[in-house]
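Chemist: Coordinates in structure17.pdb, PDB, C-alpha atoms, are listed below.
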ATOM      1  CA  MET A 144      62.200 -44.393   2.280
ATOM      2  CA  LEU A 145      60.476 -41.468   3.970
ATOM      3  CA  PRO A 146      59.870 -41.742   7.706
ATOM      4  CA  GLU A 147      56.551 -43.102   8.841
ATOM      5  CA  VAL A 148      56.321 -40.876  11.905
ATOM      6  CA  ILE A 149      57.535 -37.310  12.138
ATOM      7  CA  GLU A 150      57.237 -35.329  15.350
ATOM      8  CA  ALA A 151      57.046 -31.554  14.908
ATOM      9  CA  ASP A 152      56.535 -28.796  17.448
ATOM     10  CA  ARG A 153      52.773 -28.397  16.931
ATOM     11  CA  PHE A 154      51.730 -31.655  15.282
ATOM     12  CA  ARG A 155      52.678 -35.206  14.493
ATOM     13  CA  LEU A 156      52.681 -36.852  11.066
ATOM     14  CA  ARG A 157      51.873 -40.531  11.190
ATOM     15  CA  PRO A 158      50.118 -43.146   9.062
ATOM     16  CA  PHE A 159      46.336 -43.111   8.968
ATOM     17  CA  ARG A 160      44.599 -45.702  11.150
ATOM     18  CA  PHE A 161      41.130 -47.169  10.993
ATOM     19  CA  ALA A 162      40.523 -45.549  14.388
ATOM     20  CA  ASP A 163      40.786 -42.136  12.641
ATOM     21  CA  THR A 164      37.441 -42.579  10.880
ATOM     22  CA  ASP A 165      35.358 -40.571  13.367
ATOM     23  CA  ALA A 166      37.883 -37.722  13.583
ATOM     24  CA  ILE A 167      38.033 -37.518   9.787
ATOM     25  CA  LEU A 168      34.261 -37.566   9.542
ATOM     26  CA  GLU A 169      34.079 -34.720  12.062
ATOM     27  CA  TYR A 170      36.252 -32.306  10.059
ATOM     28  CA  ALA A 171      35.393 -33.557   6.557
ATOM     29  CA  ARG A 172      31.656 -32.973   7.054
ATOM     30  CA  ASP A 173      32.328 -29.246   7.198
ATOM     31  CA  GLU A 174      31.093 -27.604   3.983
ATOM     32  CA  ALA A 175      33.899 -25.032   4.126
ATOM     33  CA  PHE A 176      36.455 -27.864   4.289
ATOM     34  CA  LEU A 177      34.799 -29.654   1.357
ATOM     35  CA  ARG A 178      34.403 -26.578  -0.812
ATOM     36  CA  TYR A 179      37.432 -27.013  -3.080
ATOM     37  CA  LEU A 180      38.256 -30.683  -2.573
ATOM     38  CA  PRO A 181      37.258 -33.415  -5.036
ATOM     39  CA  ILE A 182      35.560 -35.514  -2.373
ATOM     40  CA  PRO A 183      31.901 -36.461  -1.876
ATOM     41  CA  THR A 184      29.414 -34.053  -0.399
ATOM     42  CA  PRO A 185      27.697 -34.630   1.872
ATOM     43  CA  TYR A 186      30.533 -36.596   3.431
ATOM     44  CA  THR A 187      29.409 -39.772   5.213
ATOM     45  CA  LYS A 188      30.943 -42.280   7.593
ATOM     46  CA  THR A 189      31.221 -44.700   4.660
ATOM     47  CA  ASP A 190      33.236 -42.065   2.775
ATOM     48  CA  ALA A 191      35.553 -41.663   5.770
ATOM     49  CA  GLU A 192      35.967 -45.437   6.087
ATOM     50  CA  ARG A 193      36.790 -45.743   2.375
ATOM     51  CA  PHE A 194      39.267 -42.871   2.613
ATOM     52  CA  VAL A 195      41.112 -44.423   5.556
ATOM     53  CA  ALA A 196      41.194 -47.836   3.859
ATOM     54  CA  SER A 197      42.606 -46.272   0.685
ATOM     55  CA  GLN A 198      45.337 -44.508   2.672
ATOM     56  CA  VAL A 199      46.272 -47.631   4.628
ATOM     57  CA  LEU A 200      46.635 -49.621   1.388
ATOM     58  CA  LEU A 201      48.899 -47.134  -0.433
ATOM     59  CA  ASP A 202      52.370 -48.258  -1.489
ATOM     60  CA  TRP A 203      54.567 -46.353   0.993
ATOM     61  CA  GLN A 204      57.494 -46.233  -1.442
ATOM     62  CA  LEU A 205      55.492 -44.505  -4.202
ATOM     63  CA  ASN A 206      52.771 -42.676  -2.297
ATOM     64  CA  PRO A 207      53.355 -42.206   1.425
ATOM     65  CA  SER A 208      50.439 -40.612   3.236
ATOM     66  CA  TRP A 209      50.287 -39.170   6.749
ATOM     67  CA  ALA A 210      47.524 -38.103   9.081
ATOM     68  CA  ILE A 211      48.258 -34.707  10.582
ATOM     69  CA  GLU A 212      47.660 -35.326  14.269
ATOM     70  CA  VAL A 213      47.037 -32.337  16.521
ATOM     71  CA  ASP A 214      46.258 -32.770  20.209
ATOM     72  CA  GLY A 215      46.132 -36.554  19.750
ATOM     73  CA  LYS A 216      43.529 -36.479  16.969
ATOM     74  CA  ALA A 217      43.710 -36.782  13.164
ATOM     75  CA  SER A 218      43.084 -33.234  11.959
ATOM     76  CA  GLY A 219      44.060 -33.394   8.298
ATOM     77  CA  GLY A 220      46.291 -35.258   5.930
ATOM     78  CA  LEU A 221      49.264 -34.948   3.652
ATOM     79  CA  ASN A 222      50.674 -37.182   0.944
ATOM     80  CA  ILE A 223      53.379 -37.169  -1.673
ATOM     81  CA  ARG A 224      53.329 -39.251  -4.858
ATOM     82  CA  PHE A 225      56.517 -40.129  -6.726
ATOM     83  CA  PHE A 226      56.863 -40.499 -10.500
ATOM     84  CA  ALA A 227      59.686 -41.061 -12.978
ATOM     85  CA  GLU A 228      61.785 -43.210 -10.660
ATOM     86  CA  HIS A 229      61.512 -40.716  -7.773
ATOM     87  CA  ARG A 230      62.668 -37.757  -9.890
ATOM     88  CA  VAL A 231      59.306 -35.943  -9.812
ATOM     89  CA  SER A 232      56.697 -35.820  -7.071
ATOM     90  CA  GLU A 233      53.354 -34.227  -6.285
ATOM     91  CA  ILE A 234      52.309 -33.197  -2.806
ATOM     92  CA  GLY A 235      48.806 -32.719  -1.475
ATOM     93  CA  TYR A 236      47.510 -31.504   1.887
ATOM     94  CA  ALA A 237      44.347 -30.614   3.759
ATOM     95  CA  VAL A 238      43.701 -29.562   7.353
ATOM     96  CA  ALA A 239      40.559 -29.214   9.442
ATOM     97  CA  ARG A 240      39.012 -25.757   9.366
ATOM     98  CA  ARG A 241      39.735 -25.219  13.069
ATOM     99  CA  LEU A 242      43.450 -25.193  12.130
ATOM    100  CA  TRP A 243      43.241 -22.864   9.127
ATOM    101  CA  GLY A 244      45.506 -19.842   9.264
ATOM    102  CA  LYS A 245      47.903 -21.413  11.784
ATOM    103  CA  GLY A 246      50.603 -22.536   9.355
ATOM    104  CA  ILE A 247      50.042 -26.263   9.949
ATOM    105  CA  ALA A 248      49.678 -27.157   6.245
ATOM    106  CA  THR A 249      52.716 -25.064   5.317
ATOM    107  CA  ASP A 250      54.894 -26.518   8.070
ATOM    108  CA  ALA A 251      53.831 -30.119   7.404
ATOM    109  CA  ALA A 252      54.374 -29.790   3.639
ATOM    110  CA  SER A 253      57.740 -28.117   4.206
ATOM    111  CA  ILE A 254      58.897 -30.993   6.421
ATOM    112  CA  ILE A 255      57.854 -33.575   3.826
ATOM    113  CA  ILE A 256      59.433 -31.695   0.907
ATOM    114  CA  ALA A 257      62.709 -31.315   2.824
ATOM    115  CA  SER A 258      62.631 -34.987   3.814
ATOM    116  CA  ALA A 259      61.892 -36.071   0.225
ATOM    117  CA  PHE A 260      64.773 -34.044  -1.193
ATOM    118  CA  GLU A 261      67.068 -35.442   1.508
ATOM    119  CA  THR A 262      65.916 -39.050   1.108
ATOM    120  CA  TYR A 263      65.892 -39.164  -2.701
ATOM    121  CA  PRO A 264      69.028 -37.515  -4.165
ATOM    122  CA  GLY A 265      67.596 -37.913  -7.685
ATOM    123  CA  LEU A 266      64.385 -36.051  -6.834
ATOM    124  CA  ASN A 267      64.448 -32.870  -8.880
ATOM    125  CA  ARG A 268      60.938 -31.457  -8.639
ATOM    126  CA  VAL A 269      57.977 -31.270  -6.292
ATOM    127  CA  ARG A 270      54.694 -29.995  -7.671
ATOM    128  CA  ALA A 271      51.275 -29.276  -6.237
ATOM    129  CA  ARG A 272      47.912 -28.340  -7.678
ATOM    130  CA  ALA A 273      44.729 -26.823  -6.343
ATOM    131  CA  ASP A 274      41.347 -25.531  -7.385
ATOM    132  CA  ALA A 275      42.155 -22.064  -8.768
ATOM    133  CA  ARG A 276      39.513 -20.531  -6.484
ATOM    134  CA  ASN A 277      41.251 -21.892  -3.360
ATOM    135  CA  LEU A 278      43.390 -18.893  -2.460
ATOM    136  CA  ALA A 279      44.446 -20.353   0.896
ATOM    137  CA  SER A 280      45.959 -23.430  -0.757
ATOM    138  CA  THR A 281      47.651 -21.230  -3.338
ATOM    139  CA  ARG A 282      49.146 -19.191  -0.504
ATOM    140  CA  VAL A 283      50.533 -22.366   1.123
ATOM    141  CA  MET A 284      52.291 -23.258  -2.138
ATOM    142  CA  GLU A 285      53.762 -19.763  -2.366
ATOM    143  CA  LYS A 286      54.979 -19.894   1.257
ATOM    144  CA  LEU A 287      56.723 -23.157   0.376
ATOM    145  CA  GLY A 288      58.696 -21.249  -2.254
ATOM    146  CA  MET A 289      56.846 -22.849  -5.154
ATOM    147  CA  MET A 290      56.366 -20.923  -8.362
ATOM    148  CA  ARG A 291      53.109 -20.810 -10.273
ATOM    149  CA  GLU A 292      53.705 -22.791 -13.435
ATOM    150  CA  GLY A 293      50.328 -22.861 -15.037
ATOM    151  CA  LEU A 294      46.581 -22.768 -15.103
ATOM    152  CA  LEU A 295      44.795 -25.887 -16.278
ATOM    153  CA  ARG A 296      41.517 -24.517 -17.592
ATOM    154  CA  GLU A 297      38.396 -26.577 -16.906
ATOM    155  CA  ASP A 298      40.664 -29.499 -16.066
ATOM    156  CA  ARG A 299      38.807 -31.314 -13.293
ATOM    157  CA  LEU A 300      35.190 -32.261 -12.822
ATOM    158  CA  SER A 301      34.024 -31.326  -9.329
ATOM    159  CA  ARG A 302      30.410 -31.643  -8.268
ATOM    160  CA  GLY A 303      29.231 -31.531 -11.872
ATOM    161  CA  GLU A 304      31.306 -28.466 -12.776
ATOM    162  CA  LEU A 305      34.533 -28.269 -14.751
ATOM    163  CA  ILE A 306      36.943 -26.236 -12.657
ATOM    164  CA  ASP A 307      40.291 -24.588 -13.300
ATOM    165  CA  GLU A 308      43.341 -25.820 -11.422
ATOM    166  CA  VAL A 309      46.589 -23.998 -10.712
ATOM    167  CA  VAL A 310      49.888 -25.859 -10.783
ATOM    168  CA  TYR A 311      52.879 -24.825  -8.686
ATOM    169  CA  GLY A 312      56.314 -26.381  -8.451
ATOM    170  CA  ILE A 313      59.731 -26.124  -6.912
ATOM    171  CA  LEU A 314      63.025 -27.561  -8.123
ATOM    172  CA  ARG A 315      65.706 -29.004  -5.859
ATOM    173  CA  SER A 316      68.035 -26.119  -6.788
ATOM    174  CA  GLU A 317      65.387 -23.576  -5.749
ATOM    175  CA  TRP A 318      64.725 -25.391  -2.458
ATOM    176  CA  ARG A 319      68.435 -25.324  -1.619
ATOM    177  CA  ARG A 320      68.597 -21.584  -2.291
ATOM    178  CA  GLY A 321      66.253 -20.766   0.503
ATOM    179  CA  ALA A 322      62.755 -22.068   0.371
ATOM    180  CA  PRO A 323      61.330 -21.958   3.877
ATOM    181  CA  HIS A 324      61.869 -25.011   6.018
ATOM    182  CA  ALA A 325      59.689 -25.972   8.950
ATOM    183  CA  GLY A 326      60.907 -25.805  12.500
ATOM    184  CA  ARG A 327      62.422 -28.513  14.630
ATOM    185  CA  GLN A 328      61.414 -32.066  13.904
ATOM    186  CA  ASN A 329      62.272 -35.545  15.057
ATOM    187  CA  GLN A 330      61.928 -38.404  12.616
ATOM    188  CA  THR A 331      61.160 -41.957  13.563
ATOM    189  CA  SER A 332      61.836 -44.609  10.949
ATOM    190  CA  ARG A 333      59.042 -46.677   9.443
ATOM    191  CA  THR A 334      58.455 -49.765  11.506
TER     192      THR A 334
END
Re-express the file's structure as structure tokens.
Modeler:
Amino acid sequence: MLPEVIEADRFRLRPFRFADTDAILEYARDEAFLRYLPIPTPYTKTDAERFVASQVLLDWQLNPSWAIEVDGKASGGLNIRFFAEHRVSEIGYAVARRLWGKGIATDAASIIIASAFETYPGLNRVRARADARNLASTRVMEKLGMMREGLLREDRLSRGELIDEVVYGILRSEWRRGAPHAGRQNQTSRT
């Protein structure tokens, strides 16, 4: 099973807590943050409470989810979902706008991908998808060593509009050959 808490140089990955609601509301209210994400707008405290509850209730073995904590405060999130008996997975990430351009999403995703490949020897593929207009998210996937695998035209309904999504992926063999790996980390087992 993937670790519940991961300490990295600039952030900490840990399970979401109900106490994170206000911090999530603070960054998720930002229209720039919401722009490409399939979440309600305007974003309310009820939305934040529902989000935290949904993350707390996830099955850790099939869909672990971490808050990205920076300076003691939830400042984004990351999750990975497993399919096909842990042979395929899909990763997702988002960070508060104040952290954009600092490599936090890339480093956090890299740590989780490396940990997933290490923890699950049968895991062969990690994929990610994003709104095709979200160039920053696309760049994160590329920095992770993922290859663009496709464009899903008008695939998702977002705010009343059908939008295109890009799909990226990386195979275990490609990761071993030199995909970037995040810096030092300490892992604490799930308790």
Chemist: Enumerate, as a PyMOL selection string, the residues matched when the PyMOL selection byres ((chain A and resi 192) around 12) is run on the file above.
Modeler: chain A and resi 159-168+171+186-191+193-199
Chemist: Using only C-alpha atoms, find the one residue out of A:Phe154, A:Glu292, A:Arg240, A:Lys286 that sits nearest to A:Arg172.
Modeler: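 For A:Arg172, the nearest of the candidates is A:Arg240.
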Chemist: Identify, on the basis of all atoms listed in the file, every residue whose closest approach to stretch 203-210 of chain A does not exceed 6 Å; exclude the query and any residue fewer than 2 positions from it along the same chain; express the result as JSON, numbers by chain.
Modeler: {"A": [156, 157, 158, 159, 201, 212, 217, 219, 220, 221, 222, 223, 224, 225]}
Chemist: Work out how far atom CA of A:Leu177 is from atom CA of A:Gly312, in Å to one decimal.
Modeler: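 Pair atom CA of A:Gly312 / atom CA of A:Leu177 returns 23.9 Å.
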Chemist: Applying 10 Å and all atoms listed in the file, which residues near stretch 316-319 of chain A remain after dropping the ones on its own chain fewer than 2 positions away? List them as a PyMOL selection string.
Modeler: chain A and resi 256-257+260+267-269+287-290+312-314+321-324
Chemist: Mind pulling up the distance from atom CA of A:Glu174 to atom CA of A:Gly235?
Modeler: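 Atom CA of A:Gly235 sits 19.2 Å away from atom CA of A:Glu174.
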Chemist: Starting from the PyMOL selection byres ((chain A and resi 273) around 6), expand the selection into actual residues of this file and give them as a list in words.
Modeler: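 Selected by the PyMOL selection byres ((chain A and resi 273) around 6) here: Arg272, Asp274, Ala275, Glu308 and Val309 of chain A.
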Chemist: Could you please determine the separation between atom CA of A:Ala259 and atom CA of A:Tyr170 in Å, to one decimal place?
Modeler: 27.7 Å
Chemist: For the provided coordinates, the residues matched by the PyMOL selection byres ((chain A and resi 241-245) around 10) should be stated as a list of chain:residue names.
Modeler: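 Evaluating the PyMOL selection byres ((chain A and resi 241-245) around 10) on this file yields A:Arg153, A:Tyr170, A:Phe176, A:Val213, A:Ser218, A:Gly219, A:Ala237, A:Val238, A:Ala239, A:Arg240, A:Gly246, A:Ile247, A:Ala248, A:Thr249, A:Asp250, A:Ala279, A:Val283.
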Chemist: Using all atoms listed in the file for the distances, tell me which of A:Pro181, A:Ala175, A:Glu285, A:Glu147 is nearest to A:Ser253.
Modeler: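 Going through A:Pro181, A:Ala175, A:Glu285, A:Glu147 one by one, the smallest distance to A:Ser253 is for A:Glu285.
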